[in-house]
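Participant: I have a structure I would like to understand better, so I am pasting it below and will then ask my questions one at a time.
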Amino acid sequence: MKGLEFWKHVSIGRYVESDSMVHRMSPSTKYLWLLAVVLPASVSRSAVVVAAVTLLPLVLAPLARVRIRFLLRGILPVLPFVALAAAIQLLISWPNDGSLVLAAIGPVSVTAREALAVLTMGLRFVAIMTAIGLFTSVTSEGDTARGVEDLFAPLAAVGFPARPLALMIAVAFRFIPIVAGEFESVVKAQAARGADFGAGARGPIRKAKAYLPLLVPVTIRALERAEALAEAMEARCYGTGPATRYVDTAGGAADVLARIVALLWTIAALAGPAVAAAIGGGR
Amino acid sequence: MKRNGFKLVLTSLFAAMIAMGALFSLPLPPPLPPVTLAVFFSLLAGLLLGPRWAAAATGLYLGLGAVGLPVFANGAGGLGQLAGPTGGFLVGYVAAAVVAGAVSDRRGWGFGRAAAGALAGVAALYIVGLPRFRAVLDASPDRSVTMGTAFLMMAPYLIGDAAKALAAAGLVRALRPLLAEYLPAEERAGRPSDAAPASGKARDEA
């Protein structure tokens, strides 16, 4: 149940109030920058690109007056998962790996190619988590939803439900730590009554049965929570007519510039390695 | 519109619950997908919310995972997971939820229809997930994995998923009075907004 602990304490979703340059950017600009890190970090095969996008949140953090330690603390609880994945990666040797052998203990050897792959994997993870952590610490919850709506606004003209989608994403984000806390308290309550969720030497059917008492309260609590939130929304006239906005999030010239830079960065990060290879191959 | 707001919130909550369900997982060595409760919550989303909202809930979950949040089993996240051997099963959650929602009966909340829906959902999960699983495994030149082999590798999961489906259906049956109150029958299926006055009345009486 380590994962639950992680989700209860992630730095994701904690807005840090400040009046920095980064905070003042419009939410859709912040989304584009988030994408500028997350997209190359998840799809790029180049270690250089992954390293570059990992640095980006760490460079932007001082500008946003967010401490880097705050961002890094959020990733600590999942490090065991990453370590496990890294260990598997190192243990399984690749076919036709002709790269330099860095270290060898018995049949297990660590080659340069494996080390690079593990390093890249770790950096990917750090980049994504710090980028999301930074994004949420400079974007208030309201802005998180407004940004989604702004990004999808062009599609709203053709009937795309931009606003409900924005609301759903905001609610889902907000509820993840709460649901994690709820699962945990139910697990603990059941454990206090003798339930065993650990890896006991029992049959799979009995193991599955142990989860049933967990699912009922969690589902009922979800229905109650949804009802409470829906009533709170209805009390604020949700769904009674066209929605208006109090906050203007269009942004100024600085935002337009920042958006263009973010798009160029993303394109460069995605297309860069291919272009570099083409130039290198041409010589 | 009242029920629409409620369903919207419940949909988000289900996305969060699927994400947390993925944490209750029994990791197995790759490329085998882990056994998780995420399947259970996807099916439950289908049974409770109906095909359209369930598609939104599972889609939202995949979206959160695709942008890099570690909401997939074993703390994984990112688009790479969707492209991997088990990615088809992740996409299959949407199919499972939609099929479960389409088959199930969200008026009487009976066990039979719910079980049929959930089992059909599991079938949809495998129809979407298996070809991808086989294709990725088969991609290595020194191996040839037929559909039959891939299915045999997955057969133990199928038993587990069928058990989850029956559990989800049992849960729906057990919560029948509560569901009748929270999710009253709609006047016309698939058009939640049309049903607003009638469902509002049903709630007042409940």
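Residue numbering restarts at 1 for every chain of the structure tokens, chains are lettered A, B, ... in their displayed order, and ligands are numbered from 1 as they appear.
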Give me the residues within 7 Å of A:Val50 as a PyMOL selection string, counting only C-alpha atoms and dropping any in the same chain fewer than 4 places off.
Facilitator: chain A and resi 40-41+44+46+54+120+123-124
Participant: For B:Gly108, work out the shell of residues within 10 Å, counting only C-alpha atoms and skipping chain neighbours fewer than 4 positions away, then give it as a PyMOL selection string.
Facilitator: chain B and resi 104+113-114+173+176-177+179-180+184-185
Participant: Could you save those same residues with N, CA, C and O atoms as a compact mmCIF listing (two decimals), in the first residue's frame?
Facilitator:
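Everything below was put into again.txt:
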```txt
# COMPACT_ATOMS: atom_id res chain seq x y z
N SER B 104 -25.83 -3.38 -19.39
CA SER B 104 -26.45 -3.45 -18.06
C SER B 104 -27.77 -2.67 -18.02
O SER B 104 -28.04 -1.82 -18.86
N ARG B 113 -28.55 -8.78 -15.32
CA ARG B 113 -28.14 -7.87 -16.38
C ARG B 113 -26.79 -7.24 -16.08
O ARG B 113 -25.96 -7.06 -16.96
N ALA B 114 -26.57 -6.92 -14.80
CA ALA B 114 -25.29 -6.32 -14.42
C ALA B 114 -24.15 -7.31 -14.66
O ALA B 114 -23.10 -6.95 -15.19
N ARG B 173 -26.02 -5.06 -7.21
CA ARG B 173 -27.23 -5.63 -6.62
C ARG B 173 -27.33 -5.26 -5.14
O ARG B 173 -28.39 -4.87 -4.65
N ARG B 176 -28.50 -1.71 -4.46
CA ARG B 176 -29.68 -1.33 -5.25
C ARG B 176 -30.49 -0.18 -4.65
O ARG B 176 -30.79 0.79 -5.35
N PRO B 177 -30.84 -0.22 -3.35
CA PRO B 177 -31.64 0.88 -2.83
C PRO B 177 -30.93 2.23 -2.94
O PRO B 177 -31.53 3.25 -3.28
N LEU B 179 -28.56 3.05 -5.10
CA LEU B 179 -28.42 3.47 -6.50
C LEU B 179 -29.73 4.03 -7.03
O LEU B 179 -29.74 4.99 -7.79
N ALA B 180 -30.83 3.43 -6.60
CA ALA B 180 -32.13 3.91 -7.06
C ALA B 180 -32.33 5.35 -6.59
O ALA B 180 -32.98 6.15 -7.27
N PRO B 184 -31.41 7.80 -10.29
CA PRO B 184 -32.76 7.37 -10.67
C PRO B 184 -32.85 7.12 -12.17
O PRO B 184 -32.08 7.68 -12.95
N ALA B 185 -33.82 6.27 -12.54
CA ALA B 185 -33.97 5.90 -13.95
C ALA B 185 -34.24 7.13 -14.80
O ALA B 185 -34.97 8.03 -14.41
```
Participant: Quick check: residues of chain B within 6 Å of chain A, only C-alpha atoms, returned as a list in words.
Facilitator: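 So the residues of chain B near chain A are Met1, Gly5, Phe6, Val9, Leu10, Ser12, Leu13, Ala16, Leu23 and Gly78 of chain B.
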Participant: Could you please take those selected residues and save N, CA and C atoms as a tab-separated table (two decimals), in the first residue's frame?
Facilitator:
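The result, written out as result-v2.tsv:
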```
chain	number	residue	atom	x	y	z
B	1	MET	N	-31.16	19.48	-15.33
B	1	MET	CA	-29.71	19.44	-15.42
B	1	MET	C	-29.08	18.88	-14.16
B	5	GLY	N	-24.97	17.36	-13.44
B	5	GLY	CA	-23.89	17.81	-12.57
B	5	GLY	C	-23.39	16.68	-11.69
B	6	PHE	N	-24.33	15.91	-11.18
B	6	PHE	CA	-23.98	14.78	-10.30
B	6	PHE	C	-23.17	13.74	-11.06
B	9	VAL	N	-19.60	14.89	-11.75
B	9	VAL	CA	-18.72	14.76	-10.59
B	9	VAL	C	-18.39	13.29	-10.34
B	10	LEU	N	-19.42	12.45	-10.44
B	10	LEU	CA	-19.21	11.01	-10.19
B	10	LEU	C	-18.24	10.43	-11.22
B	12	SER	N	-15.73	12.03	-12.66
B	12	SER	CA	-14.38	12.42	-12.22
B	12	SER	C	-13.93	11.54	-11.07
B	13	LEU	N	-14.85	11.30	-10.14
B	13	LEU	CA	-14.50	10.47	-8.99
B	13	LEU	C	-14.12	9.07	-9.42
B	16	ALA	N	-10.66	8.97	-10.63
B	16	ALA	CA	-9.74	8.94	-9.48
B	16	ALA	C	-9.72	7.55	-8.85
B	23	LEU	N	-3.44	0.93	-7.95
B	23	LEU	CA	-2.39	0.77	-6.93
B	23	LEU	C	-2.50	-0.58	-6.24
B	78	GLY	N	2.63	7.87	-18.46
B	78	GLY	CA	3.22	8.34	-19.71
B	78	GLY	C	2.66	7.62	-20.91
```
Participant: I'd like the neighbourhood of B:Gly21 as a ChimeraX atom specification, where a residue qualifies if any of its atoms comes within 7 Å (using only C-alpha atoms), though same-chain residues fewer than 4 positions away should be ignored.
Facilitator: /B:17,36-38,41
Participant: Set the distance at 10 Å and use only C-alpha atoms: which residues neighbour stretch 21-32 of chain A once local chain neighbours fewer than 2 positions away are removed? I'd like the list as an MDAnalysis selection string.
Facilitator: chainID A and resid 16:19 34:38 60:65 132 134:140 142:152 248:252 254:263 266
Participant: Find the residues near B:Leu49: any atom within 8 Å, counting only C-alpha atoms, skip ones fewer than 6 places away on the same chain, and give them as a PyMOL selection string.
Facilitator: chain B and resi 7+11+101
